[in-house]
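So this one's input-v2.txt, compact mmCIF, C-alpha atoms and all ligand atoms:
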```
# COMPACT_ATOMS: atom_id res chain seq x y z
CA MET A 1 29.85 61.86 23.90
CA CYS A 2 32.65 59.36 24.02
CA GLU A 3 31.27 57.93 27.26
CA GLU A 4 27.81 57.79 25.75
CA LEU A 5 29.08 55.80 22.78
CA GLN A 6 31.02 53.46 25.07
CA ASN A 7 27.84 52.82 27.06
CA LYS A 8 25.98 51.97 23.85
CA VAL A 9 28.77 49.57 22.80
CA ASP A 10 28.69 47.94 26.24
CA ALA A 11 24.92 47.57 26.08
CA LEU A 12 25.09 46.04 22.59
CA GLN A 13 27.83 43.64 23.67
CA GLU A 14 25.71 42.61 26.64
CA GLU A 15 22.71 42.09 24.36
CA ASN A 16 24.91 40.12 21.96
CA ALA A 17 26.16 37.84 24.76
CA ARG A 18 22.57 37.30 25.94
CA LEU A 19 21.41 36.39 22.40
CA LYS A 20 24.36 34.04 21.96
CA GLY A 21 23.40 32.27 25.20
CA GLU A 22 19.80 32.01 24.02
CA VAL A 23 20.82 30.53 20.65
CA HIS A 24 23.08 28.04 22.42
CA ALA A 25 20.25 26.98 24.76
CA LEU A 26 17.83 26.62 21.83
CA ARG A 27 20.35 24.52 19.89
CA GLU A 28 20.80 22.23 22.88
CA ALA A 29 17.03 21.88 23.34
CA LEU A 30 16.60 21.07 19.63
CA HIS A 31 19.34 18.45 19.82
CA ARG A 32 17.76 16.84 22.93
CA GLU A 33 14.33 16.78 21.27
CA GLY A 34 15.74 15.24 18.08
CA GLU A 35 17.47 12.55 20.10
CA ALA A 36 14.31 11.78 22.03
CA LEU A 37 12.32 11.48 18.80
CA ALA A 38 14.94 9.22 17.21
CA THR A 39 15.01 7.01 20.30
CA GLY A 40 11.21 6.77 20.24
CA GLU A 41 11.23 5.83 16.56
CA ILE A 42 13.92 3.18 17.03
CA ARG A 43 12.13 1.74 20.06
CA LEU A 44 8.88 1.55 18.09
CA LYS A 45 10.62 -0.20 15.18
CA LEU A 46 12.30 -2.64 17.56
CA ALA A 47 8.96 -3.35 19.21
CA TYR A 48 7.22 -4.17 15.94
CA LEU A 49 10.12 -6.19 14.54
CA SER A 50 10.31 -8.28 17.70
CA THR A 51 6.54 -8.86 17.57
CA ILE A 52 6.91 -10.18 14.02
CA GLN A 53 9.79 -12.39 15.16
CA ALA A 54 7.61 -13.78 17.96
CA LEU A 55 4.88 -14.67 15.43
CA VAL A 56 7.46 -16.38 13.19
CA ARG A 57 8.74 -18.44 16.12
CA ALA A 58 5.18 -19.49 16.88
CA ILE A 59 4.87 -20.97 13.36
CA GLU A 60 8.30 -22.55 13.47
CA ALA A 61 7.53 -24.20 16.80
CA ARG A 62 4.66 -26.05 15.14
CA ASP A 63 6.58 -27.10 12.04
CA PRO A 64 10.32 -27.70 12.53
CA TYR A 65 10.81 -27.96 8.77
CA THR A 66 9.97 -24.31 8.37
CA VAL A 67 12.67 -23.04 10.75
CA GLY A 68 14.47 -20.20 8.99
CA HIS A 69 12.17 -20.56 5.95
CA SER A 70 10.42 -17.21 6.28
CA THR A 71 13.68 -15.36 6.95
CA MET A 72 15.23 -16.86 3.81
CA VAL A 73 12.09 -16.11 1.76
CA SER A 74 12.18 -12.55 2.99
CA ILE A 75 15.87 -12.10 2.07
CA LEU A 76 15.44 -13.64 -1.38
CA ALA A 77 12.22 -11.75 -2.16
CA VAL A 78 13.75 -8.38 -1.20
CA THR A 79 16.88 -9.13 -3.27
CA LEU A 80 14.62 -9.95 -6.22
CA ALA A 81 12.46 -6.87 -5.66
CA ARG A 82 15.55 -4.62 -5.63
CA LYS A 83 16.89 -6.26 -8.78
CA LEU A 84 13.51 -5.67 -10.45
CA GLY A 85 13.68 -1.97 -9.58
CA LEU A 86 11.03 -1.77 -6.86
CA SER A 87 11.31 1.24 -4.54
CA GLU A 88 12.77 0.95 -1.02
CA ASP A 89 9.26 1.37 0.37
CA GLU A 90 7.93 -1.50 -1.80
CA CYS A 91 10.93 -3.61 -0.77
CA GLU A 92 10.11 -3.01 2.91
CA ARG A 93 6.54 -4.21 2.25
CA VAL A 94 7.95 -7.34 0.59
CA ARG A 95 10.32 -7.89 3.52
CA ILE A 96 7.58 -7.78 6.17
CA ALA A 97 5.15 -9.88 4.11
CA GLY A 98 7.92 -12.41 3.39
CA THR A 99 8.60 -12.83 7.07
CA LEU A 100 4.91 -13.33 7.86
CA LEU A 101 3.95 -15.22 4.69
CA ASP A 102 2.95 -18.46 6.43
CA VAL A 103 1.78 -17.02 9.74
CA GLY A 104 -1.63 -18.58 8.96
CA LYS A 105 -0.13 -22.04 9.54
CA ILE A 106 -0.67 -21.29 13.23
CA GLY A 107 -4.30 -22.14 12.51
CA ILE A 108 -3.57 -25.44 10.70
CA ALA A 109 -3.65 -28.80 12.53
CA GLY A 110 -0.16 -29.79 13.70
CA ASP A 111 -0.29 -33.36 12.32
CA LEU A 112 -1.12 -31.94 8.87
CA LEU A 113 1.91 -29.63 8.92
CA THR A 114 4.30 -32.51 9.62
CA LYS A 115 2.50 -35.25 7.67
CA ARG A 116 4.97 -37.54 5.87
CA GLU A 117 2.50 -39.17 3.49
CA ASP A 118 1.04 -37.49 0.40
CA LEU A 119 -1.65 -35.00 1.29
CA SER A 120 -5.21 -35.99 0.35
CA ASP A 121 -7.51 -33.52 -1.44
CA LYS A 122 -9.14 -32.80 1.92
CA ASP A 123 -5.71 -32.18 3.50
CA LEU A 124 -4.74 -29.85 0.66
CA LEU A 125 -7.94 -27.85 1.07
CA ALA A 126 -7.29 -27.54 4.81
CA MET A 127 -3.67 -26.51 4.20
CA ARG A 128 -4.73 -23.85 1.70
CA GLU A 129 -6.67 -22.16 4.45
CA HIS A 130 -3.38 -20.73 5.76
CA VAL A 131 -3.60 -17.84 3.30
CA HIS A 132 -7.04 -16.81 4.64
CA ILE A 133 -5.97 -17.25 8.25
CA GLY A 134 -2.66 -15.41 7.71
CA ALA A 135 -4.33 -12.46 6.01
CA GLN A 136 -6.83 -12.25 8.88
CA ILE A 137 -4.09 -12.42 11.53
CA VAL A 138 -2.16 -9.45 10.14
CA GLU A 139 -5.27 -7.48 9.13
CA PRO A 140 -5.62 -5.61 12.48
CA ILE A 141 -1.92 -4.70 12.63
CA ILE A 142 -1.44 -1.17 11.40
CA TYR A 143 1.54 -1.15 9.06
CA PRO A 144 2.37 1.66 6.67
CA TRP A 145 1.88 -0.96 3.92
CA ASP A 146 -0.82 -3.46 2.94
CA VAL A 147 0.79 -6.73 4.06
CA SER A 148 -2.45 -8.68 4.29
CA THR A 149 -3.06 -8.75 0.50
CA LEU A 150 0.43 -10.10 -0.17
CA ILE A 151 -0.10 -12.92 2.33
CA PHE A 152 -3.50 -13.63 0.76
CA GLN A 153 -2.08 -13.77 -2.79
CA HIS A 154 1.28 -15.52 -2.36
CA HIS A 155 -0.01 -18.85 -3.77
CA GLU A 156 -1.74 -17.28 -6.78
CA ARG A 157 -0.09 -18.16 -10.11
CA LEU A 158 0.20 -16.22 -13.36
CA ASP A 159 -1.99 -18.64 -15.39
CA GLY A 160 -4.79 -18.71 -12.81
CA SER A 161 -3.85 -22.15 -11.48
CA GLY A 162 -3.07 -20.91 -7.96
CA TYR A 163 -5.23 -20.32 -4.91
CA PRO A 164 -7.28 -19.07 -3.08
CA GLU A 165 -9.04 -17.18 -5.87
CA GLY A 166 -7.38 -18.44 -9.05
CA LEU A 167 -6.36 -14.89 -9.95
CA ALA A 168 -4.44 -14.49 -13.19
CA ASN A 169 -1.87 -12.15 -14.71
CA GLY A 170 -2.77 -8.53 -14.06
CA GLU A 171 -4.89 -9.40 -11.02
CA ILE A 172 -2.03 -10.55 -8.83
CA GLN A 173 0.11 -7.86 -7.21
CA ARG A 174 3.68 -7.86 -8.47
CA GLU A 175 5.08 -8.13 -4.95
CA ALA A 176 2.88 -11.21 -4.33
CA MET A 177 4.31 -12.88 -7.45
CA ILE A 178 7.86 -12.13 -6.29
CA LEU A 179 7.03 -13.58 -2.87
CA GLY A 180 5.41 -16.65 -4.44
CA LEU A 181 8.53 -17.34 -6.48
CA ALA A 182 10.87 -16.84 -3.50
CA ASP A 183 8.65 -19.04 -1.29
CA SER A 184 8.55 -21.90 -3.83
CA PHE A 185 12.28 -21.70 -4.56
CA VAL A 186 13.26 -21.77 -0.87
CA ALA A 187 10.85 -24.65 -0.18
CA MET A 188 12.23 -26.74 -3.03
CA ILE A 189 15.94 -26.50 -2.23
CA VAL A 190 15.59 -28.06 1.23
CA ARG A 191 14.07 -31.28 2.49
CA ARG A 192 10.59 -31.47 3.92
CA ALA A 193 8.80 -34.01 6.11
CA TYR A 194 7.51 -35.78 3.00
CA ARG A 195 10.48 -35.50 0.57
CA GLU A 196 14.21 -34.94 0.15
CA ALA A 197 15.70 -31.63 -1.03
CA HIS A 198 15.80 -30.99 -4.77
CA LYS A 199 19.14 -30.14 -6.39
CA GLU A 200 19.42 -26.43 -7.10
CA ALA A 201 20.11 -27.02 -10.82
CA GLU A 202 16.85 -29.04 -11.06
CA VAL A 203 14.95 -26.28 -9.26
CA VAL A 204 16.37 -23.64 -11.61
CA ALA A 205 15.42 -25.79 -14.63
CA PHE A 206 11.90 -26.13 -13.21
CA PHE A 207 11.46 -22.36 -12.85
CA ARG A 208 12.98 -21.66 -16.27
CA ASN A 209 10.33 -23.96 -17.71
CA GLU A 210 7.55 -22.28 -15.69
CA ALA A 211 8.68 -18.73 -16.55
CA GLY A 212 5.82 -16.86 -18.21
CA LYS A 213 3.39 -19.71 -17.41
CA THR A 214 2.91 -19.94 -13.66
CA TYR A 215 5.68 -17.57 -12.55
CA ASP A 216 6.48 -14.09 -13.85
CA LYS A 217 9.26 -14.40 -16.46
CA GLU A 218 11.09 -11.23 -15.46
CA SER A 219 11.24 -12.42 -11.82
CA VAL A 220 12.52 -15.87 -12.83
CA ASP A 221 15.21 -14.31 -15.05
CA ALA A 222 16.25 -12.06 -12.16
CA LEU A 223 16.40 -15.06 -9.81
CA VAL A 224 18.61 -17.09 -12.17
CA GLU A 225 20.95 -14.14 -12.67
CA LEU A 226 21.19 -13.37 -8.96
CA LEU A 227 22.01 -16.99 -8.12
CA HIS A 228 25.10 -16.66 -10.30
CA THR A 229 26.13 -13.10 -9.57
CA ASP A 230 25.17 -12.14 -6.01
CA PRO A 231 27.73 -13.45 -3.49
CA ASP A 232 25.70 -12.21 -0.49
CA LEU A 233 22.62 -14.10 -1.65
CA ARG A 234 24.72 -17.21 -2.34
CA ARG A 235 26.13 -17.04 1.20
CA GLU A 236 22.65 -16.72 2.72
CA ILE A 237 21.30 -19.65 0.69
CA ASP A 238 24.24 -21.90 1.58
CA ARG A 239 23.94 -20.98 5.27
CA PHE A 240 20.19 -21.65 5.19
CA LYS A 241 20.68 -25.08 3.58
CA LEU A 242 23.22 -25.99 6.27
CA THR A 243 20.76 -25.15 9.07
CA ILE A 244 18.19 -27.53 7.54
CA ASP A 245 20.48 -30.50 6.68
FE FE A 301 2.19 -20.35 1.96
```
structure tokens encoding of this file:
Amino acid sequence: MCEELQNKVDALQEENARLKGEVHALREALHREGEALATGEIRLKLAYLSTIQALVRAIEARDPYTVGHSTMVSILAVTLARKLGLSEDECERVRIAGTLLDVGKIGIAGDLLTKREDLSDKDLLAMREHVHIGAQIVEPIIYPWDVSTLIFQHHERLDGSGYPEGLANGEIQREAMILGLADSFVAMIVRRAYREAHKEAEVVAFFRNEAGKTYDKESVDALVELLHTDPDLRREIDRFKLTID
């Protein structure tokens, strides 16, 4: 009887050791699979981010005054979006659209992009085409977010005075209004082919005056506050200005 029990104990111990080995092997396999998936995800993200970067360089190569512009717009717009309480997912949409905002300038004549004289009505109409072209360029790219609409709407203004469709309050997506404000602010604080940089205080005064008219008031208030309270944003803006001067 004693021997019989001992045999049972031995058999159970053997079974236990076998099960332990199996669990260990399964854990290892799970770990390997997880790692492979994570690597795949990271590689995919790197691939799409570098593709975006390549597109940005293509625009910057055509217009040296826009070097770093889209990166700065993207940083400012995301900072604004966070301050305004947009979700992380909405912020990511703003970040990608900000980077690609002016991708349509690839389709605009080079001499128009760097023209030093005032733009004629015909020039302005041609320049405005960049929102159509940009929206079309990103249209076939499958993002988890609708980036094309934000590119299409980033020059629309609250009172309907913008382009391409003269949309007004309620018709323009909130993210597009945030991007429009960030784009205008970043453009105004540095020099362009046709003008010198505006002083930041003058730019702030301009947007304070436009708040609730052409630009969303809540976004302008957030911008003014961030300029005074966010040291990271201040550092980015100062660094950006230095690269342009
Ligand atoms: Fe634009």
- [ ] Pick out the residues no farther than 7 Å from ligand FE 301 (chain A), counting all atoms listed in the file, and list them as JSON, numbers by chain.
- [x] {"A": [101, 102, 130, 131, 154, 155]}
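Reported to one decimal place, the separation of atom CA of Gly104 of chain A from atom CA of Asp221 of chain A is 29.6 Å.
Using all atoms listed in the file, the nearest neighbour of Met72 of chain A within the list A:Asp216, A:Asp183, A:Glu171, A:Glu200 is A:Asp183.
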Task: For Ile59 of chain A: contacts at 10 Å, only C-alpha atoms, fewer than 2 positions along chain excluded, given as a PyMOL selection string - done: chain A and resi 54-57+61-64+66-67+70+100+102-108
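Every residue within 12 Å of the file position (7.3, -16.1, -16.2), judged by all atoms listed in the file, is given as Arg157, Leu158, Asp159, Asn169, Arg174, Met177, Ile178, Gly180, Leu181, Phe206, Phe207, Arg208, Asn209, Glu210, Ala211, Gly212, Lys213, Thr214, Tyr215, Asp216, Lys217, Glu218, Ser219, Val220, Asp221, Ala222 and Leu223 of chain A.
The shortest atom-to-atom distance to Gly110 of chain A, with all atoms listed in the file taken into account, belongs to A:Glu60 out of A:Glu225, A:Asp238, A:Glu88, A:Glu60.
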